[in-house]
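J.: What follows is query_13.txt; its format and atoms are compact mmCIF, C-alpha atoms.
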```txt
# COMPACT_ATOMS: atom_id res chain seq x y z
CA MET Z 1 -19.94 -7.01 13.39
CA PHE Z 2 -19.25 -6.89 17.12
CA PHE Z 3 -17.55 -9.44 19.30
CA SER Z 4 -19.51 -10.66 22.28
CA LYS Z 5 -17.68 -11.42 25.49
CA LYS Z 6 -18.03 -15.12 24.75
CA THR Z 7 -16.48 -14.90 21.30
CA LYS Z 8 -13.16 -16.64 20.97
CA ILE Z 9 -11.18 -16.33 17.81
CA ASP Z 10 -9.70 -19.57 16.60
CA TYR Z 11 -6.48 -18.97 14.75
CA THR Z 12 -5.88 -22.62 13.91
CA HIS Z 13 -6.48 -21.91 10.24
CA LYS Z 14 -2.93 -20.55 10.14
CA CYS Z 15 -3.99 -17.67 7.99
CA LEU Z 16 -3.02 -14.96 10.40
CA PHE Z 17 -0.23 -12.52 9.69
CA GLU Z 18 1.20 -9.92 12.04
CA PHE Z 19 3.36 -6.92 11.21
CA PRO Z 20 4.74 -4.11 13.28
CA PHE Z 21 3.75 -0.58 12.41
CA THR Z 22 6.38 1.36 10.46
CA LYS Z 23 7.98 4.09 12.54
CA VAL Z 24 8.91 7.43 11.02
CA ARG Z 25 10.40 9.66 13.70
CA ASN Z 26 7.74 9.72 16.43
CA SER Z 27 4.81 8.41 14.43
CA LEU Z 28 3.68 4.88 13.69
CA TYR Z 29 2.09 4.04 10.35
CA PRO Z 30 0.28 0.87 9.22
CA TYR Z 31 2.22 -0.03 6.08
CA ILE Z 32 2.14 -3.29 4.14
CA GLU Z 33 4.17 -4.41 1.16
CA VAL Z 34 2.19 -5.28 -1.96
CA ASP Z 35 3.08 -6.35 -5.47
CA LEU Z 36 1.24 -4.39 -8.16
CA LYS Z 37 0.59 -5.87 -11.60
CA TYR Z 38 -1.46 -4.46 -14.43
CA VAL Z 39 -0.69 -7.21 -16.87
CA ASP Z 40 0.59 -10.68 -16.11
CA ASP Z 41 4.17 -9.91 -16.87
CA LYS Z 42 7.09 -10.04 -14.43
CA LYS Z 43 8.66 -7.06 -16.15
CA SER Z 44 5.72 -4.85 -15.32
CA GLU Z 45 5.28 -5.31 -11.63
CA GLU Z 46 6.26 -3.06 -8.78
CA LEU Z 47 6.76 -3.77 -5.09
CA MET Z 48 5.38 -0.97 -2.99
CA MET Z 49 4.87 -0.12 0.66
CA CYS Z 50 1.32 1.19 1.06
CA LEU Z 51 -0.69 2.62 3.91
CA LEU Z 52 -3.45 0.27 4.97
CA ASP Z 53 -6.42 2.60 5.35
CA SER Z 54 -9.73 1.24 6.59
CA GLY Z 55 -11.31 4.64 5.99
CA ALA Z 56 -10.58 4.73 2.27
CA ASP Z 57 -13.13 3.30 -0.15
CA ASN Z 58 -10.55 2.45 -2.81
CA CYS Z 59 -6.91 1.74 -3.31
CA VAL Z 60 -5.10 4.83 -4.55
CA PHE Z 61 -1.76 5.10 -6.36
CA PRO Z 62 0.18 7.78 -8.22
CA LYS Z 63 -0.45 7.83 -11.97
CA ASP Z 64 3.23 7.56 -12.88
CA ILE Z 65 3.33 4.09 -11.34
CA GLY Z 66 0.35 3.12 -13.47
CA GLU Z 67 2.21 4.28 -16.56
CA ARG Z 68 5.19 2.09 -15.63
CA LEU Z 69 2.86 -0.86 -15.14
CA GLY Z 70 1.42 -0.42 -18.60
CA VAL Z 71 -1.86 1.40 -17.98
CA ASP Z 72 -2.73 3.38 -21.11
CA PHE Z 73 -4.23 6.53 -19.63
CA SER Z 74 -4.93 7.97 -23.07
CA GLU Z 75 -7.63 5.30 -23.34
CA LEU Z 76 -9.20 6.17 -19.99
CA ASP Z 77 -11.55 9.01 -19.20
CA PRO Z 78 -10.78 11.02 -16.08
CA ILE Z 79 -13.16 10.40 -13.19
CA ASP Z 80 -16.02 12.89 -13.49
CA GLN Z 81 -17.60 12.27 -10.10
CA PRO Z 82 -16.41 14.10 -6.95
CA VAL Z 83 -13.59 12.37 -5.07
CA ARG Z 84 -13.34 13.38 -1.45
CA GLY Z 85 -10.73 12.99 1.23
CA ILE Z 86 -11.28 13.83 4.86
CA ALA Z 87 -10.29 17.43 4.11
CA GLY Z 88 -12.92 17.77 1.39
CA GLU Z 89 -13.16 17.39 -2.35
CA ILE Z 90 -9.97 16.77 -4.29
CA LYS Z 91 -9.94 19.32 -7.11
CA ASP Z 92 -7.68 20.32 -9.97
CA VAL Z 93 -6.04 16.92 -10.14
CA LYS Z 94 -6.93 14.34 -12.77
CA MET Z 95 -7.91 10.92 -11.52
CA TYR Z 96 -8.58 7.69 -13.36
CA LYS Z 97 -9.95 4.26 -12.58
CA SER Z 98 -8.66 0.98 -13.91
CA PRO Z 99 -8.45 -2.64 -12.84
CA LEU Z 100 -5.25 -3.73 -11.12
CA THR Z 101 -3.94 -6.93 -9.62
CA ILE Z 102 -2.61 -6.53 -6.10
CA GLU Z 103 -0.66 -9.43 -4.66
CA PHE Z 104 -0.15 -9.72 -0.94
CA LEU Z 105 1.23 -12.71 0.95
CA GLY Z 106 0.45 -15.06 -1.90
CA THR Z 107 -3.08 -13.75 -2.31
CA THR Z 108 -4.09 -12.21 -5.61
CA ILE Z 109 -6.68 -9.46 -5.51
CA LEU Z 110 -8.11 -8.11 -8.75
CA THR Z 111 -9.82 -4.84 -8.05
CA GLU Z 112 -10.56 -1.41 -9.45
CA VAL Z 113 -8.13 1.23 -8.21
CA ILE Z 114 -7.80 5.00 -8.51
CA TRP Z 115 -4.78 6.65 -10.10
CA ILE Z 116 -4.05 10.25 -9.11
CA ASP Z 117 -1.98 12.50 -11.35
CA LYS Z 118 0.15 13.75 -8.48
CA LYS Z 119 3.61 12.58 -7.50
CA ASP Z 120 3.53 13.31 -3.78
CA ILE Z 121 0.55 11.20 -2.76
CA ASN Z 122 0.91 8.38 -0.26
CA PRO Z 123 -0.22 5.10 -1.86
CA VAL Z 124 -3.19 3.68 -0.01
CA ILE Z 125 -4.74 0.25 0.24
CA GLY Z 126 -8.42 0.90 0.85
CA ARG Z 127 -11.36 -1.36 1.56
CA LYS Z 128 -12.54 -2.23 -1.94
CA GLY Z 129 -10.87 -5.47 -2.90
CA PHE Z 130 -8.44 -5.86 -0.03
CA PHE Z 131 -10.77 -5.80 2.94
CA ASP Z 132 -12.99 -8.38 1.23
CA LYS Z 133 -10.12 -10.83 1.55
CA PHE Z 134 -8.61 -9.86 4.89
CA ASP Z 135 -9.95 -8.91 8.27
CA VAL Z 136 -7.70 -6.19 9.58
CA TYR Z 137 -6.95 -5.49 13.22
CA TYR Z 138 -4.99 -2.43 14.27
CA LYS Z 139 -3.33 -3.00 17.64
CA GLN Z 140 -1.74 0.30 18.50
CA SER Z 141 -1.07 -0.83 22.07
CA THR Z 142 1.24 -3.60 20.90
CA ASN Z 143 2.43 -1.88 17.72
CA LYS Z 144 0.99 -4.62 15.52
CA ILE Z 145 -1.25 -4.92 12.49
CA THR Z 146 -2.95 -8.30 12.33
CA LEU Z 147 -4.42 -9.60 9.09
CA VAL Z 148 -6.61 -12.66 8.92
CA PHE Z 149 -7.17 -14.16 5.52
CA HIS Z 150 -10.61 -15.46 4.45
CA PRO Z 151 -11.99 -18.01 5.02
CA THR Z 152 -11.37 -16.89 8.53
CA PRO Z 153 -12.45 -17.56 12.05
CA MET Z 154 -14.81 -14.65 11.48
CA CYS Z 155 -16.89 -17.04 9.41
CA HIS Z 156 -17.47 -19.11 12.50
CA LEU Z 157 -18.57 -16.37 14.86
CA LYS Z 158 -21.74 -17.27 16.69
CA MET W 159 5.45 -13.78 1.06
CA VAL W 160 6.88 -10.37 1.67
CA SER W 161 10.17 -9.47 0.01
CA ASN W 162 13.52 -9.39 1.75
CA ASN W 163 13.25 -5.62 1.73
CA PHE W 164 10.28 -5.55 4.08
CA ASN W 165 12.29 -5.94 7.27
CA PHE W 166 14.38 -2.95 6.33
CA PHE W 167 11.32 -0.73 6.51
CA MET W 168 10.37 -2.15 9.89
CA GLN W 169 13.80 -1.68 11.40
CA THR W 170 15.13 1.52 9.88
CA ASP W 171 14.59 5.12 10.86
CA LEU W 172 13.48 6.69 7.58
CA SER W 173 13.21 10.23 8.90
CA LYS W 174 15.88 11.65 6.67
CA TYR W 175 13.82 10.71 3.63
CA ALA W 176 10.64 12.37 4.91
CA GLY W 177 8.53 13.61 2.01
CA GLU W 178 10.50 11.61 -0.54
CA TRP W 179 10.10 8.39 -2.45
CA ILE W 180 12.73 5.77 -1.74
CA ALA W 181 13.71 2.49 -3.39
CA VAL W 182 15.07 -0.20 -1.09
CA LEU W 183 17.07 -3.22 -2.16
CA GLY W 184 19.39 -5.47 -0.18
CA ASN W 185 18.84 -3.66 3.11
CA LYS W 186 19.77 -0.25 1.80
CA VAL W 187 18.21 2.73 0.11
CA ILE W 188 19.48 2.66 -3.47
CA ALA W 189 17.53 5.65 -4.76
CA ASN W 190 15.50 8.56 -3.44
CA GLY W 191 13.64 11.37 -5.11
CA LYS W 192 10.46 13.35 -5.60
CA SER W 193 8.51 10.79 -7.63
CA ALA W 194 8.04 7.03 -7.74
CA SER W 195 8.98 6.80 -11.41
CA GLU W 196 12.16 8.81 -10.80
CA VAL W 197 13.43 6.46 -8.08
CA LEU W 198 12.47 3.37 -10.09
CA LYS W 199 14.37 4.69 -13.08
CA GLU W 200 17.43 5.38 -10.97
CA SER W 201 17.27 2.03 -9.19
CA SER W 202 16.92 0.10 -12.45
CA SER W 203 20.19 1.64 -13.60
CA LYS W 204 21.85 0.23 -10.47
CA SER W 205 20.33 -3.24 -10.26
CA LYS W 206 18.24 -5.65 -12.26
CA GLU W 207 16.42 -6.78 -9.11
CA LYS W 208 13.10 -5.24 -8.20
CA PRO W 209 13.34 -2.82 -5.29
CA THR W 210 10.49 -2.03 -2.92
CA ILE W 211 9.43 1.58 -3.12
CA MET W 212 7.76 3.74 -0.52
CA ARG W 213 6.81 7.35 -0.05
CA VAL W 214 8.02 8.34 3.39
CA PRO W 215 5.50 10.61 5.14
CA GLU W 216 6.56 14.16 5.89
CA ASP W 217 7.92 14.94 9.34
CA ASN W 218 5.54 17.70 10.18
CA GLN W 219 2.50 16.09 8.62
CA VAL W 220 -0.60 14.72 10.25
CA LEU W 221 -2.19 12.18 7.95
CA LEU W 222 -5.97 12.40 7.93
CA LEU W 223 -7.08 9.64 5.64
```
Rewrite the structure of this file - the entire thing - as structure tokens.

T.:
Amino acid sequence: MFFSKKTKIDYTHKCLFEFPFTKVRNSLYPYIEVDLKYVDDKKSEELMMCLLDSGADNCVFPKDIGERLGVDFSELDPIDQPVRGIAGEIKDVKMYKSPLTIEFLGTTILTEVIWIDKKDINPVIGRKGFFDKFDVYYKQSTNKITLVFHPTPMCHLK
Amino acid sequence: MVSNNFNFFMQTDLSKYAGEWIAVLGNKVIANGKSASEVLKESSSKSKEKPTIMRVPEDNQVLLL
């Protein structure tokens, strides 16, 4: 969807959130803090900073976090379809899918996520699930990530 | 809402933890290590409160996502 010159976004719904990018040395990264829950139990939840990645289909997390949250990987079959990153197919690493509840700013998102059996991966919030609930604006010039929760002004674009 | 730990990530230079997982609680890093489960285990031995964890990107890394 493209904005025409006449389009004005009305933020009166008060469902707009802005965050600065996270700076690591000379680079800026779009991180958000989410609360991950596999079962509805306070004991099995984890707060995690995740990269907000509009290019990723799915949310991706390391498998050891899934184990802490209570995912029983012995009951899951590894993903047998190719999983690709921008550098090509990810091989020789087991991956699994399971449902997961992701909470962000009071919004609960139940979605299917991918668990990767690798400890040094950067957790990613991808489009499936999250981007259905939030419109995401990356404003590199002002060092801000803007998130607009649905129902949003986007619904009223003419 | 976001946790009290969130501002720490926005305001702190995390370069010295590049490539590591960190657990943050009460405006300080209470654990760091090579895996998320390792830092959560260490942080739970120090506090009953939930920390926020993050994997800090490597210094010399270009992320192509």

J.: Give one line per residue of chain W that approaches chain Z to at most 8 Å, naming the two atoms of the closest pair and their distance in Å to one decimal, counting only C-alpha atoms; sort by chain then ascending residue number and deliver it as a Markdown table.

T.:
```
| residue | atom | partner | partner_atom | distance |
| --- | --- | --- | --- | --- |
| W:Met159 | CA | Z:Leu105 | CA | 4.4 |
| W:Val160 | CA | Z:Leu105 | CA | 6.2 |
| W:Ser161 | CA | Z:Glu33 | CA | 7.9 |
| W:Phe164 | CA | Z:Glu33 | CA | 6.9 |
| W:Phe167 | CA | Z:Thr22 | CA | 6.7 |
| W:Met168 | CA | Z:Thr22 | CA | 5.3 |
| W:Asp171 | CA | Z:Val24 | CA | 6.1 |
| W:Leu172 | CA | Z:Val24 | CA | 5.8 |
| W:Ser173 | CA | Z:Val24 | CA | 5.6 |
| W:Gly177 | CA | Z:Asp120 | CA | 7.7 |
| W:Glu178 | CA | Z:Asp120 | CA | 7.9 |
| W:Lys192 | CA | Z:Lys119 | CA | 7.2 |
| W:Ser193 | CA | Z:Lys119 | CA | 5.2 |
| W:Ala194 | CA | Z:Ile65 | CA | 6.6 |
| W:Ser195 | CA | Z:Asp64 | CA | 6.0 |
| W:Lys208 | CA | Z:Glu46 | CA | 7.2 |
| W:Pro209 | CA | Z:Leu47 | CA | 6.7 |
| W:Thr210 | CA | Z:Leu47 | CA | 4.7 |
| W:Ile211 | CA | Z:Met48 | CA | 4.8 |
| W:Met212 | CA | Z:Met49 | CA | 5.0 |
| W:Arg213 | CA | Z:Asn122 | CA | 6.0 |
| W:Val214 | CA | Z:Val24 | CA | 7.7 |
| W:Pro215 | CA | Z:Asn122 | CA | 7.4 |
| W:Asp217 | CA | Z:Arg25 | CA | 7.3 |
| W:Leu222 | CA | Z:Ile86 | CA | 6.3 |
| W:Leu223 | CA | Z:Ile86 | CA | 6.0 |
```

J.: Report the distance between CA of Cys15 (chain Z) and CA of Ile114 (chain Z) in Å, rounded to one decimal place.

T.: 28.3 Å

J.: Counting only C-alpha atoms, write as a list in words all protein and nucleic acid residues lying at most 6 Å from (-5.1, -1.9, -12.2) in the file's frame.

T.: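 With a cut-off of 6 Å, the residues come to Tyr38, Ser98, Pro99, Leu100, Thr101 and Val113 of chain Z.
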
J.: Grab the CA of Glu196 (chain W) to CA of Lys97 (chain Z) distance for me, in Å with one decimal place.

T.: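 These two atoms are separated by 22.6 Å.
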